[in-house]
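**Student:** Below is the file upload12.csv, with CSV, C-alpha atoms.
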```
chain,number,residue,atom,x,y,z
X,1,MET,CA,-76.1,-23.2,-19.1
X,2,SER,CA,-76.0,-19.8,-17.5
X,3,VAL,CA,-73.0,-17.5,-17.7
X,4,GLN,CA,-72.4,-17.6,-14.0
X,5,SER,CA,-71.8,-21.4,-13.8
X,6,GLU,CA,-69.2,-21.1,-16.5
X,7,MET,CA,-67.2,-18.6,-14.5
X,8,PRO,CA,-64.2,-20.2,-12.7
X,9,ALA,CA,-64.5,-20.4,-9.0
X,10,ILE,CA,-62.6,-17.7,-7.2
X,11,LYS,CA,-59.6,-19.2,-5.5
X,12,PRO,CA,-59.0,-18.2,-1.9
X,13,VAL,CA,-56.0,-16.0,-1.5
X,14,LYS,CA,-53.1,-17.9,0.0
X,15,LYS,CA,-52.2,-16.5,3.4
X,16,LYS,CA,-48.7,-15.3,4.0
X,17,LEU,CA,-46.7,-16.8,6.9
X,18,ASP,CA,-48.0,-14.8,9.8
X,19,LEU,CA,-45.1,-15.3,12.2
X,20,GLN,CA,-45.6,-12.0,14.0
X,21,ARG,CA,-49.0,-12.9,15.5
X,22,PRO,CA,-48.5,-12.9,19.3
X,23,LEU,CA,-49.2,-16.0,21.3
X,24,ASP,CA,-52.1,-14.5,23.3
X,25,GLU,CA,-54.0,-13.6,20.2
X,26,LEU,CA,-53.5,-17.1,18.8
X,27,VAL,CA,-54.7,-18.7,22.0
X,28,GLU,CA,-57.9,-16.6,21.9
X,29,LEU,CA,-58.5,-17.9,18.3
X,30,TYR,CA,-57.5,-21.6,18.5
X,31,ALA,CA,-56.9,-22.8,22.1
X,32,GLU,CA,-58.7,-23.4,25.3
X,33,ILE,CA,-56.0,-23.6,27.9
X,34,PRO,CA,-56.3,-24.1,31.6
X,35,ALA,CA,-55.9,-21.0,33.8
X,36,ARG,CA,-52.7,-22.2,35.5
X,37,GLN,CA,-50.5,-24.9,34.0
X,38,PHE,CA,-50.4,-27.8,31.5
X,39,ARG,CA,-50.4,-31.4,32.6
X,40,TYR,CA,-47.0,-32.1,31.0
X,41,CYS,CA,-43.7,-32.2,33.0
X,42,PRO,CA,-41.8,-28.9,33.3
X,43,GLY,CA,-39.9,-28.4,30.0
X,44,CYS,CA,-41.7,-31.1,28.1
X,45,GLY,CA,-41.5,-30.9,24.3
X,46,LEU,CA,-45.2,-31.6,24.0
X,47,GLY,CA,-45.9,-28.0,25.0
X,48,MET,CA,-43.6,-26.8,22.3
X,49,ALA,CA,-45.2,-29.1,19.7
X,50,GLN,CA,-48.6,-28.0,20.8
X,51,SER,CA,-47.6,-24.4,20.2
X,52,ALA,CA,-46.3,-25.4,16.7
X,53,ILE,CA,-49.6,-27.2,15.9
X,54,MET,CA,-51.6,-24.1,16.9
X,55,ARG,CA,-49.4,-21.9,14.6
X,56,ALA,CA,-49.8,-24.5,11.8
X,57,PHE,CA,-53.6,-24.3,12.1
X,58,HIS,CA,-53.2,-20.5,11.8
X,59,ARG,CA,-50.9,-20.8,8.8
X,60,ALA,CA,-53.0,-23.4,7.0
X,61,GLY,CA,-56.0,-21.1,7.5
X,62,VAL,CA,-58.4,-23.8,8.8
X,63,ASP,CA,-61.6,-23.0,10.6
X,64,ILE,CA,-61.0,-24.5,14.1
X,65,THR,CA,-64.7,-25.4,14.4
X,66,LYS,CA,-64.3,-27.6,11.3
X,67,VAL,CA,-61.4,-29.5,12.7
X,68,ALA,CA,-61.7,-32.9,14.4
X,69,THR,CA,-58.9,-34.4,16.4
X,70,ALA,CA,-58.5,-37.9,17.6
X,71,GLY,CA,-56.2,-39.6,20.1
X,72,GLY,CA,-55.7,-42.4,22.5
X,73,SER,CA,-53.6,-42.8,25.6
X,74,GLY,CA,-50.3,-41.3,26.4
X,75,CYS,CA,-48.7,-38.1,27.7
X,76,TYR,CA,-49.9,-36.3,24.7
X,77,SER,CA,-53.6,-37.3,25.1
X,78,VAL,CA,-54.6,-34.1,26.9
X,79,MET,CA,-53.4,-32.0,24.0
X,80,GLY,CA,-56.7,-32.4,22.1
X,81,HIS,CA,-58.6,-30.9,25.0
X,82,TYR,CA,-56.4,-27.8,24.9
X,83,PHE,CA,-57.7,-26.8,21.4
X,84,LYS,CA,-61.1,-25.4,20.4
X,85,SER,CA,-61.4,-28.2,17.9
X,86,ASN,CA,-63.7,-31.2,18.4
X,87,HIS,CA,-61.8,-34.1,20.0
X,88,ILE,CA,-62.3,-37.7,20.6
X,89,HIS,CA,-60.2,-39.2,23.4
X,90,GLY,CA,-60.5,-42.9,22.6
X,91,SER,CA,-58.9,-46.1,23.5
X,92,HIS,CA,-55.2,-46.8,23.3
X,93,GLY,CA,-53.8,-46.8,19.7
X,94,ARG,CA,-57.1,-46.4,17.9
X,95,GLY,CA,-56.6,-42.7,16.8
X,96,CYS,CA,-56.3,-43.6,13.1
X,97,ALA,CA,-59.5,-45.8,13.3
X,98,TYR,CA,-61.5,-43.0,14.8
X,99,ALA,CA,-60.1,-40.5,12.3
X,100,MET,CA,-61.0,-42.7,9.3
X,101,GLY,CA,-64.6,-43.1,10.6
X,102,MET,CA,-64.9,-39.3,11.1
X,103,LYS,CA,-63.5,-38.5,7.7
X,104,LEU,CA,-65.8,-41.0,5.9
X,105,ALA,CA,-68.9,-39.8,7.7
X,106,ARG,CA,-68.1,-36.0,7.3
X,107,PRO,CA,-65.6,-35.6,4.4
X,108,GLU,CA,-65.7,-31.8,4.7
X,109,LEU,CA,-63.9,-31.9,8.1
X,110,THR,CA,-60.2,-31.5,8.6
X,111,VAL,CA,-59.2,-34.6,10.6
X,112,VAL,CA,-56.0,-34.6,12.6
X,113,THR,CA,-54.8,-37.4,14.9
X,114,LEU,CA,-52.5,-36.6,17.7
X,115,GLN,CA,-50.6,-39.8,18.7
X,116,GLY,CA,-47.5,-40.9,20.5
X,117,ASP,CA,-44.9,-43.3,19.3
X,118,GLY,CA,-46.0,-46.2,21.5
X,119,ASP,CA,-49.6,-45.5,20.8
X,120,LEU,CA,-49.3,-45.2,17.0
X,121,LEU,CA,-46.6,-47.7,16.2
X,122,ALA,CA,-46.9,-50.4,18.9
X,123,ILE,CA,-50.5,-50.8,19.8
X,124,GLY,CA,-52.1,-48.9,16.9
X,125,GLY,CA,-49.7,-50.2,14.2
X,126,ASN,CA,-52.3,-52.0,12.2
X,127,HIS,CA,-54.7,-49.1,12.1
X,128,PHE,CA,-51.8,-46.8,11.0
X,129,ILE,CA,-50.5,-48.9,8.1
X,130,HIS,CA,-54.0,-49.6,6.7
X,131,ALA,CA,-55.0,-45.9,7.0
X,132,ALA,CA,-51.8,-45.1,5.1
X,133,ARG,CA,-52.5,-47.8,2.5
X,134,ARG,CA,-56.0,-46.4,1.8
X,135,ASN,CA,-54.6,-42.9,1.4
X,136,ILE,CA,-57.5,-41.3,3.3
X,137,ASP,CA,-57.3,-37.5,3.7
X,138,ILE,CA,-56.3,-37.4,7.4
X,139,THR,CA,-53.1,-35.9,9.0
X,140,VAL,CA,-51.3,-38.2,11.5
X,141,ILE,CA,-49.0,-36.4,13.9
X,142,CYS,CA,-46.7,-38.7,15.8
X,143,PHE,CA,-44.9,-37.4,18.9
X,144,ASN,CA,-41.7,-39.5,19.2
X,145,ASN,CA,-40.1,-39.4,22.6
X,146,TYR,CA,-38.4,-42.8,22.5
X,147,ASN,CA,-40.4,-44.4,25.3
X,148,PHE,CA,-43.8,-45.0,27.0
X,149,GLY,CA,-43.7,-41.8,29.0
X,150,ASP,CA,-47.1,-41.9,30.6
X,151,THR,CA,-46.5,-45.2,32.3
X,152,GLY,CA,-43.0,-44.5,33.6
X,153,GLY,CA,-40.5,-44.8,30.8
X,154,GLN,CA,-40.7,-48.4,29.5
X,155,PHE,CA,-39.1,-49.1,26.1
X,156,ALA,CA,-41.1,-48.5,23.0
X,157,PRO,CA,-40.6,-49.7,19.4
X,158,THR,CA,-38.8,-46.4,18.7
X,159,THR,CA,-36.2,-46.7,21.6
X,160,PRO,CA,-32.8,-46.5,19.9
X,161,LEU,CA,-30.5,-49.5,20.1
X,162,GLY,CA,-28.4,-49.5,23.3
X,163,SER,CA,-30.2,-46.7,25.1
X,164,LYS,CA,-31.4,-47.2,28.7
X,165,THR,CA,-35.0,-47.2,29.8
X,166,ASP,CA,-37.0,-48.4,32.8
X,167,THR,CA,-37.3,-51.9,31.3
X,168,SER,CA,-33.9,-52.0,29.6
X,169,THR,CA,-31.6,-50.9,32.3
X,170,LEU,CA,-28.5,-52.5,30.6
X,171,GLY,CA,-29.3,-51.1,27.2
X,172,MET,CA,-32.0,-51.7,24.6
X,173,PRO,CA,-31.2,-55.0,22.8
X,174,GLU,CA,-33.6,-54.5,19.9
X,175,PRO,CA,-33.2,-52.2,16.9
X,176,ALA,CA,-35.7,-49.3,16.6
X,177,PHE,CA,-38.4,-48.5,14.2
X,178,ASP,CA,-38.0,-45.8,11.6
X,179,ALA,CA,-41.6,-44.4,11.6
X,180,CYS,CA,-41.2,-42.4,8.4
X,181,LYS,CA,-39.8,-45.4,6.4
X,182,LEU,CA,-42.7,-47.5,7.7
X,183,ALA,CA,-45.2,-44.9,6.5
X,184,ILE,CA,-43.6,-44.7,3.1
X,185,GLY,CA,-43.6,-48.5,2.8
X,186,ALA,CA,-47.3,-48.6,3.8
X,187,GLY,CA,-48.1,-46.1,1.0
X,188,ALA,CA,-48.5,-42.7,2.8
X,189,SER,CA,-48.5,-40.0,0.2
X,190,PHE,CA,-47.0,-37.2,2.4
X,191,VAL,CA,-44.3,-38.1,4.9
X,192,ALA,CA,-42.3,-35.5,6.8
X,193,ARG,CA,-40.1,-35.3,9.9
X,194,SER,CA,-39.1,-32.4,12.2
X,195,THR,CA,-38.0,-31.8,15.7
X,196,VAL,CA,-39.2,-29.4,18.5
X,197,ALA,CA,-35.8,-27.7,18.4
X,198,HIS,CA,-36.7,-26.3,14.9
X,199,PRO,CA,-40.0,-24.6,15.7
X,200,ALA,CA,-40.4,-22.7,12.4
X,201,HIS,CA,-39.6,-25.8,10.3
X,202,LEU,CA,-42.0,-27.9,12.4
X,203,THR,CA,-44.8,-25.4,12.0
X,204,LYS,CA,-44.3,-25.4,8.2
X,205,MET,CA,-44.2,-29.2,8.0
X,206,ILE,CA,-47.5,-29.6,10.0
X,207,ALA,CA,-49.2,-26.8,8.0
X,208,ASP,CA,-48.1,-28.5,4.7
X,209,ALA,CA,-49.4,-31.8,6.0
X,210,ILE,CA,-52.8,-30.3,7.0
X,211,GLU,CA,-53.1,-28.7,3.5
X,212,TRP,CA,-52.2,-32.0,1.7
X,213,LYS,CA,-55.0,-33.9,0.0
X,214,GLY,CA,-54.4,-37.5,1.1
X,215,PHE,CA,-52.7,-39.3,3.9
X,216,ALA,CA,-50.1,-37.1,5.6
X,217,PHE,CA,-47.8,-38.3,8.3
X,218,VAL,CA,-45.5,-36.0,10.4
X,219,GLU,CA,-43.0,-37.4,12.8
X,220,VAL,CA,-42.3,-34.9,15.6
X,221,MET,CA,-39.1,-35.7,17.4
X,222,GLN,CA,-40.0,-34.5,20.9
X,223,HIS,CA,-37.8,-34.8,23.9
X,224,CYS,CA,-38.6,-36.6,27.2
X,225,HIS,CA,-35.7,-35.4,29.4
X,226,VAL,CA,-37.5,-36.6,32.5
X,227,LEU,CA,-37.6,-40.3,31.7
X,228,TRP,CA,-35.4,-41.0,28.6
X,229,GLY,CA,-32.9,-38.2,28.9
X,230,ARG,CA,-32.2,-38.7,32.6
X,231,ARG,CA,-31.2,-42.3,32.0
X,232,ASN,CA,-29.1,-41.4,29.0
X,233,GLY,CA,-27.0,-38.5,30.2
X,234,MET,CA,-29.3,-35.6,29.2
X,235,PRO,CA,-31.2,-34.7,32.4
X,236,GLU,CA,-32.3,-31.1,31.3
X,237,ALA,CA,-34.7,-30.0,28.6
X,238,MET,CA,-32.0,-27.9,26.9
X,239,ASP,CA,-29.5,-30.8,26.8
X,240,MET,CA,-32.0,-32.7,24.6
X,241,MET,CA,-32.7,-29.6,22.5
X,242,ARG,CA,-29.0,-29.3,21.8
X,243,PHE,CA,-28.9,-33.0,21.0
X,244,TYR,CA,-31.6,-32.6,18.4
X,245,LYS,CA,-30.0,-29.4,17.0
X,246,ASP,CA,-26.6,-31.0,16.6
X,247,ASN,CA,-27.8,-34.2,15.0
X,248,SER,CA,-30.3,-32.9,12.4
X,249,VAL,CA,-29.9,-32.2,8.7
X,250,LEU,CA,-32.3,-31.5,5.9
X,251,ASN,CA,-32.9,-34.3,3.4
X,252,THR,CA,-32.6,-32.3,0.2
X,253,SER,CA,-30.7,-29.4,-1.2
X,254,SER,CA,-33.7,-28.3,-3.4
X,255,VAL,CA,-35.3,-26.4,-0.5
X,256,PRO,CA,-35.2,-22.6,-1.1
X,257,GLU,CA,-33.0,-20.5,1.0
X,258,ASP,CA,-35.8,-18.9,3.1
X,259,GLU,CA,-37.3,-22.2,4.0
X,260,ARG,CA,-34.1,-23.9,5.4
X,261,PHE,CA,-34.3,-22.2,8.8
X,262,ASP,CA,-30.5,-22.5,9.1
X,263,ILE,CA,-30.6,-26.3,9.1
X,264,PRO,CA,-27.5,-27.9,7.4
X,265,ILE,CA,-28.1,-29.8,4.1
X,266,TYR,CA,-27.8,-33.6,4.1
X,267,SER,CA,-24.9,-35.1,2.3
X,268,GLU,CA,-24.2,-38.8,1.8
X,269,ASP,CA,-20.9,-38.6,3.7
X,270,GLU,CA,-22.6,-37.9,7.0
X,271,LYS,CA,-23.1,-41.4,8.3
X,272,ASN,CA,-23.3,-40.5,11.9
X,273,VAL,CA,-26.2,-38.1,11.5
X,274,LYS,CA,-29.3,-39.3,13.2
X,275,PHE,CA,-32.3,-37.2,12.1
X,276,VAL,CA,-33.0,-36.4,8.5
X,277,LEU,CA,-35.6,-33.6,8.5
X,278,GLY,CA,-38.0,-32.3,5.9
X,279,VAL,CA,-40.4,-33.8,3.4
X,280,LEU,CA,-39.3,-37.4,2.8
X,281,ASN,CA,-42.0,-38.5,0.5
X,282,LYS,CA,-44.6,-36.7,-1.7
X,283,GLU,CA,-46.6,-38.4,-4.4
X,284,GLN,CA,-50.1,-38.0,-5.9
X,285,LYS,CA,-52.5,-40.9,-5.4
X,286,PRO,CA,-56.3,-41.3,-5.6
X,287,GLU,CA,-57.9,-40.2,-2.3
X,288,TYR,CA,-60.1,-42.7,-0.4
X,289,THR,CA,-63.2,-40.7,0.4
X,290,GLU,CA,-63.5,-39.5,-3.3
X,291,GLU,CA,-63.1,-43.1,-4.5
X,292,TYR,CA,-65.6,-44.2,-2.0
X,293,ALA,CA,-68.1,-41.6,-3.2
X,294,LYS,CA,-67.6,-42.8,-6.8
X,295,LEU,CA,-68.2,-46.4,-5.7
X,296,ARG,CA,-71.4,-45.4,-3.9
X,297,ALA,CA,-72.7,-43.5,-7.0
X,298,LYS,CA,-72.0,-46.6,-9.1
X,299,ALA,CA,-73.9,-48.8,-6.6
X,300,MET,CA,-76.8,-46.4,-6.5
X,301,ALA,CA,-77.0,-46.3,-10.3
X,302,LYS,CA,-77.1,-50.1,-10.4
X,303,VAL,CA,-79.9,-50.3,-7.8
X,304,THR,CA,-82.0,-47.6,-9.4
X,305,GLY,CA,-81.4,-49.1,-12.9
X,306,LYS,CA,-82.6,-52.5,-11.7
X,307,ALA,CA,-85.7,-51.0,-10.1
X,308,LYS,CA,-86.6,-49.3,-13.4
X,309,SER,CA,-86.2,-52.4,-15.5
U,310,MET,CA,-27.5,6.7,8.7
U,311,ALA,CA,-28.3,5.9,12.2
U,312,LYS,CA,-29.3,2.4,13.2
U,313,ILE,CA,-32.9,1.9,14.0
U,314,LYS,CA,-33.2,0.2,17.4
U,315,ARG,CA,-36.5,-1.6,17.7
U,316,SER,CA,-37.8,-2.1,21.2
U,317,PHE,CA,-39.9,-5.0,22.5
U,318,THR,CA,-42.0,-5.8,25.5
U,319,VAL,CA,-41.8,-9.3,27.1
U,320,GLU,CA,-44.6,-10.4,29.4
U,321,ILE,CA,-44.0,-13.4,31.6
U,322,SER,CA,-46.9,-15.1,33.4
U,323,GLU,CA,-45.6,-16.2,36.8
U,324,ALA,CA,-48.6,-18.5,37.4
U,325,ARG,CA,-47.8,-20.4,34.2
U,326,CYS,CA,-44.0,-20.6,34.5
U,327,ARG,CA,-42.6,-23.8,35.8
U,328,SER,CA,-38.8,-23.0,35.8
U,329,CYS,CA,-37.8,-25.4,33.1
U,330,ALA,CA,-34.8,-23.2,32.1
U,331,VAL,CA,-35.5,-23.4,28.3
U,332,CYS,CA,-36.2,-19.6,27.8
U,333,TRP,CA,-33.1,-18.2,29.6
U,334,GLU,CA,-30.8,-20.8,28.1
U,335,ILE,CA,-32.1,-20.3,24.6
U,336,CYS,CA,-31.9,-16.5,24.8
U,337,GLU,CA,-28.8,-15.4,23.0
U,338,PRO,CA,-28.6,-11.7,24.3
U,339,LYS,CA,-29.4,-12.8,27.9
U,340,VAL,CA,-32.6,-10.8,28.3
U,341,LEU,CA,-34.2,-13.4,30.5
U,342,GLY,CA,-32.9,-14.7,33.9
U,343,TRP,CA,-34.3,-16.5,36.9
U,344,LYS,CA,-35.1,-15.6,40.5
U,345,PRO,CA,-34.5,-17.9,43.5
U,346,PRO,CA,-35.9,-19.7,45.4
U,347,LEU,CA,-38.5,-20.9,42.9
U,348,ASN,CA,-36.3,-20.1,39.9
U,349,LYS,CA,-39.1,-18.6,37.9
U,350,ALA,CA,-38.2,-16.7,34.7
U,351,ILE,CA,-37.7,-12.9,35.1
U,352,ILE,CA,-36.7,-10.1,32.7
U,353,LYS,CA,-33.1,-9.0,33.4
U,354,ASP,CA,-32.3,-6.7,30.5
U,355,ILE,CA,-35.2,-5.7,28.2
U,356,GLU,CA,-33.0,-3.2,26.3
U,357,ALA,CA,-31.0,-6.1,24.8
U,358,CYS,CA,-34.1,-7.9,23.3
U,359,THR,CA,-33.8,-8.3,19.5
U,360,GLY,CA,-37.3,-9.7,19.1
U,361,CYS,CA,-36.4,-13.1,17.8
U,362,ARG,CA,-39.4,-14.6,19.7
U,363,LEU,CA,-37.6,-17.9,20.2
U,364,CYS,CA,-38.6,-17.9,23.9
U,365,GLU,CA,-42.3,-17.4,22.9
U,366,TRP,CA,-42.2,-20.2,20.4
U,367,LEU,CA,-40.4,-22.6,22.6
U,368,CYS,CA,-41.9,-22.0,26.1
U,369,PRO,CA,-43.6,-25.3,26.9
U,370,ASP,CA,-46.0,-23.7,29.3
U,371,TRP,CA,-47.0,-20.7,27.0
U,372,ALA,CA,-46.0,-18.3,29.7
U,373,ILE,CA,-44.1,-15.7,27.5
U,374,VAL,CA,-45.5,-13.2,25.1
U,375,VAL,CA,-43.2,-10.9,23.1
U,376,LYS,CA,-44.7,-7.9,21.4
U,377,PRO,CA,-43.2,-4.9,19.6
U,378,ALA,CA,-43.3,-1.8,21.9
U,379,ALA,CA,-46.2,0.5,21.1
U,380,LEU,CA,-45.4,3.8,19.3
U,381,GLU,CA,-46.0,6.6,21.8
U,382,PRO,CA,-45.8,10.2,20.9
U,383,GLY,CA,-42.8,11.7,22.6
U,384,GLY,CA,-41.6,8.2,23.7
U,385,THR,CA,-38.3,6.5,23.1
U,386,ARG,CA,-39.5,4.7,20.0
U,387,ALA,CA,-40.6,8.0,18.3
U,388,GLU,CA,-37.3,9.6,19.2
U,389,GLU,CA,-35.4,6.7,17.7
U,390,LEU,CA,-37.4,7.0,14.5
U,391,SER,CA,-36.9,10.7,14.2
U,392,GLU,CA,-33.2,10.2,14.8
U,393,ALA,CA,-33.0,7.6,12.1
U,394,ALA,CA,-34.8,9.9,9.6
U,395,SER,CA,-32.5,12.9,10.2
```
Would it be possible to restate this file's structure as structure tokens?

**Tutor:**
Amino acid sequence: MSVQSEMPAIKPVKKKLDLQRPLDELVELYAEIPARQFRYCPGCGLGMAQSAIMRAFHRAGVDITKVATAGGSGCYSVMGHYFKSNHIHGSHGRGCAYAMGMKLARPELTVVTLQGDGDLLAIGGNHFIHAARRNIDITVICFNNYNFGDTGGQFAPTTPLGSKTDTSTLGMPEPAFDACKLAIGAGASFVARSTVAHPAHLTKMIADAIEWKGFAFVEVMQHCHVLWGRRNGMPEAMDMMRFYKDNSVLNTSSVPEDERFDIPIYSEDEKNVKFVLGVLNKEQKPEYTEEYAKLRAKAMAKVTGKAKS
Amino acid sequence: MAKIKRSFTVEISEARCRSCAVCWEICEPKVLGWKPPLNKAIIKDIEACTGCRLCEWLCPDWAIVVKPAALEPGGTRAEELSEAAS
């Protein structure tokens, strides 16, 4: 064995949080935006979330040509086309299925799915829970805006109990999904939640999820003031931003001071609090593509062993 | 010791702005405002800008870019720095 092979590999230097990089330089590096305007409604939270995802790519230090994104149908579905990454715009709800295929075929890629709440939890629910169960190294970002925005504001599995939508004009009679609890129950190894009203925290959560080895799920609370907010007394974008700001707490007090971003700490007395932000679950589990490679090696050894004998 | 006042430049792209009101409502020192009839965002008082960059981070149409003002020899920024040093 040579001396060089015994030397430990040089670890890449961890980049510091580069918050001061201006937007136009980041756009040049990571995004391919149209010359005039986005497809979203004026003031939509998807534009803010898109900005946070771009900054998260920058913070995680990924090569944008080695990123593959997948998505289905919804308001968010143009977002993949606005990045310089490779993107598959597939059928409704199948983002996780495409992402798993891409990751198994090319394990060196960073695979991110961009999906909405109706897309991921209603139609693609099975793909989501089984991707979480296998703990495959993909990042699932769910934009939760409480309704099916692209089709006119029908109720979704995440619509809160009692709120009004296009198809529940007297109030939603069904209780809502908690996407993070579903992900934890299905076996996701990294689960986090943030809102667009906390952009620095959101950027950190998405960057941590991209860096995580294993299945990572981030729920982004993103407002739809045009369809959901208008019917529930919050007709402007800033009304919903204040709603998120007033109802959010961090889940743990073990977060260091400089990573709290002025968000109050969660205490058990606060029963009326709606959104618990931060990393909700983090556990080490065997990763699926590595396990699959081991299985393949075992099968190859069996076949070649038989051929020799 | 004199306070160092940092100055910033704010660029707003009028083609991208869609008058959603997020930037001028989130701006605490009221640097940004709006101009009728289309209510597009404009700069009202650039001297008040503290450089928190919240408008840049939260603009859904990516129309705003905030940058620290360039150091010019003999400009206001250099004067401020020399004042602070003395």

**Student:** Rounded to one decimal place, report the CA of Asn348 in chain U-CA of Arg242 in chain X distance in Å.

**Tutor:** 21.6 Å

**Student:** Using only C-alpha atoms, which residue out of X:Leu161, X:Ala156, X:Ala207, X:Ala99 lies closest to Asp119 in chain X?

**Tutor:**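 The closest residue to Asp119 in chain X is X:Ala156.
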
**Student:** Taking only C-alpha atoms into account, which of X:Ser248, X:Ser85, X:Thr169, X:Gln222 comes nearest chain U?

**Tutor:**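 For chain U, the nearest of the candidates is X:Gln222.
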
**Student:** With all atoms listed in the file considered, list every residue of chain X at most 7 Å from chain U, as a compact mmCIF listing (two decimals) with C-alpha atoms, keeping the file's coordinate frame.

**Tutor:**
```
# COMPACT_ATOMS: atom_id res chain seq x y z
CA PRO X 22 -48.50 -12.90 19.30
CA LEU X 23 -49.20 -16.00 21.30
CA ASP X 24 -52.10 -14.50 23.30
CA ARG X 36 -52.70 -22.20 35.50
CA GLN X 37 -50.50 -24.90 34.00
CA PHE X 38 -50.40 -27.80 31.50
CA PRO X 42 -41.80 -28.90 33.30
CA GLY X 43 -39.90 -28.40 30.00
CA CYS X 44 -41.70 -31.10 28.10
CA GLY X 45 -41.50 -30.90 24.30
CA GLY X 47 -45.90 -28.00 25.00
CA MET X 48 -43.60 -26.80 22.30
CA SER X 51 -47.60 -24.40 20.20
CA PRO X 199 -40.00 -24.60 15.70
CA ALA X 237 -34.70 -30.00 28.60
CA MET X 238 -32.00 -27.90 26.90
```

**Student:** What's the separation between CA of Asn232 in chain X and CA of Asn144 in chain X, in Å to one decimal place?

**Tutor:**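 Here the two named atoms are 16.1 Å from each other.
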
**Student:** Name all residues at most 10 Å from Lys344 in chain U (count all atoms listed in the file; drop same-chain ones fewer than 6 positions away) and give them as a VMD selection string.

**Tutor:** chain U and resid 328 350 to 353

**Student:** CA of Asp178 in chain X and CA of Arg231 in chain X, how far apart in Å?

**Tutor:** 21.8 Å

**Student:** Pick out the closest residue to Tyr244 in chain X from this set: X:Lys282, X:Asp208, X:Val226, X:Leu277. Count all atoms listed in the file.

**Tutor:**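 Among the listed residues, X:Leu277 lies closest to Tyr244 in chain X.
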
**Student:** Please determine, counting only C-alpha atoms, which residue among X:Gly72, X:Pro107, X:Gly278, X:Gly80 has the shortest atom-to-atom distance to Val220 in chain X.

**Tutor:**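 Residue with the minimum atom-to-atom distance to Val220 in chain X: X:Gly278.
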
**Student:** Select, from U:Cys364, U:Pro346, U:Cys336, U:Glu356, the residue with the minimum atom-to-atom distance to Ser316 in chain U, counting all atoms listed in the file.

**Tutor:** U:Glu356

**Student:** Taking 6 positions as the minimum chain separation for residues in the same chain, which residues sit within 10 Å of Asn126 in chain X when counting only C-alpha atoms? Answer as a VMD selection string.

**Tutor:** chain X and resid 93 to 94 96 to 97 120 132

**Student:** Within 10 Å of Ile355 in chain U, counting all atoms listed in the file, which residues show up once you throw out same-chain ones fewer than 3 positions away? Write them as a list in words, please.

**Tutor:**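 These residues fall inside the cut-off: Ser316, Phe317, Thr318, Val319, Pro338, Lys339, Val340, Leu341, Ile352, Cys358 and Thr359 of chain U.
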
**Student:** Keeping only C-alpha atoms, write the selected residues as a PDB file, keeping the file's coordinate frame.

**Tutor:**
```
ATOM      1  CA  SER U 316     -37.800  -2.100  21.200  1.00  0.00           C
ATOM      2  CA  PHE U 317     -39.900  -5.000  22.500  1.00  0.00           C
ATOM      3  CA  THR U 318     -42.000  -5.800  25.500  1.00  0.00           C
ATOM      4  CA  VAL U 319     -41.800  -9.300  27.100  1.00  0.00           C
ATOM      5  CA  PRO U 338     -28.600 -11.700  24.300  1.00  0.00           C
ATOM      6  CA  LYS U 339     -29.400 -12.800  27.900  1.00  0.00           C
ATOM      7  CA  VAL U 340     -32.600 -10.800  28.300  1.00  0.00           C
ATOM      8  CA  LEU U 341     -34.200 -13.400  30.500  1.00  0.00           C
ATOM      9  CA  ILE U 352     -36.700 -10.100  32.700  1.00  0.00           C
ATOM     10  CA  CYS U 358     -34.100  -7.900  23.300  1.00  0.00           C
ATOM     11  CA  THR U 359     -33.800  -8.300  19.500  1.00  0.00           C
TER      12      THR U 359
END
```

**Student:** Near Met79 in chain X, within 12 Å and counting all atoms listed in the file, which residues show up once chain neighbours fewer than 5 positions away are dropped, as a compact mmCIF listing (two decimals) with C-alpha atoms, keeping the file's coordinate frame?

**Tutor:**
```txt
# COMPACT_ATOMS: atom_id res chain seq x y z
CA ALA X 31 -56.90 -22.80 22.10
CA GLU X 32 -58.70 -23.40 25.30
CA ILE X 33 -56.00 -23.60 27.90
CA PRO X 34 -56.30 -24.10 31.60
CA PHE X 38 -50.40 -27.80 31.50
CA ARG X 39 -50.40 -31.40 32.60
CA TYR X 40 -47.00 -32.10 31.00
CA GLY X 45 -41.50 -30.90 24.30
CA LEU X 46 -45.20 -31.60 24.00
CA GLY X 47 -45.90 -28.00 25.00
CA MET X 48 -43.60 -26.80 22.30
CA ALA X 49 -45.20 -29.10 19.70
CA GLN X 50 -48.60 -28.00 20.80
CA SER X 51 -47.60 -24.40 20.20
CA ILE X 53 -49.60 -27.20 15.90
CA MET X 54 -51.60 -24.10 16.90
CA THR X 69 -58.90 -34.40 16.40
CA ALA X 70 -58.50 -37.90 17.60
CA GLY X 71 -56.20 -39.60 20.10
CA GLY X 72 -55.70 -42.40 22.50
CA SER X 73 -53.60 -42.80 25.60
CA GLY X 74 -50.30 -41.30 26.40
CA LYS X 84 -61.10 -25.40 20.40
CA SER X 85 -61.40 -28.20 17.90
CA ASN X 86 -63.70 -31.20 18.40
CA HIS X 87 -61.80 -34.10 20.00
CA ILE X 88 -62.30 -37.70 20.60
CA HIS X 89 -60.20 -39.20 23.40
CA VAL X 112 -56.00 -34.60 12.60
CA THR X 113 -54.80 -37.40 14.90
CA LEU X 114 -52.50 -36.60 17.70
CA GLN X 115 -50.60 -39.80 18.70
CA GLY X 116 -47.50 -40.90 20.50
CA ILE X 141 -49.00 -36.40 13.90
CA PHE X 143 -44.90 -37.40 18.90
```

**Student:** Using all atoms listed in the file, determine which residues lie at most 10 Å from Ile210 in chain X, disregarding the query and same-chain residues fewer than 4 positions distant; provide the list as a ChimeraX atom specification.

**Tutor:** /X:53,56-57,59-62,110-112,137-141,204-206,214-218
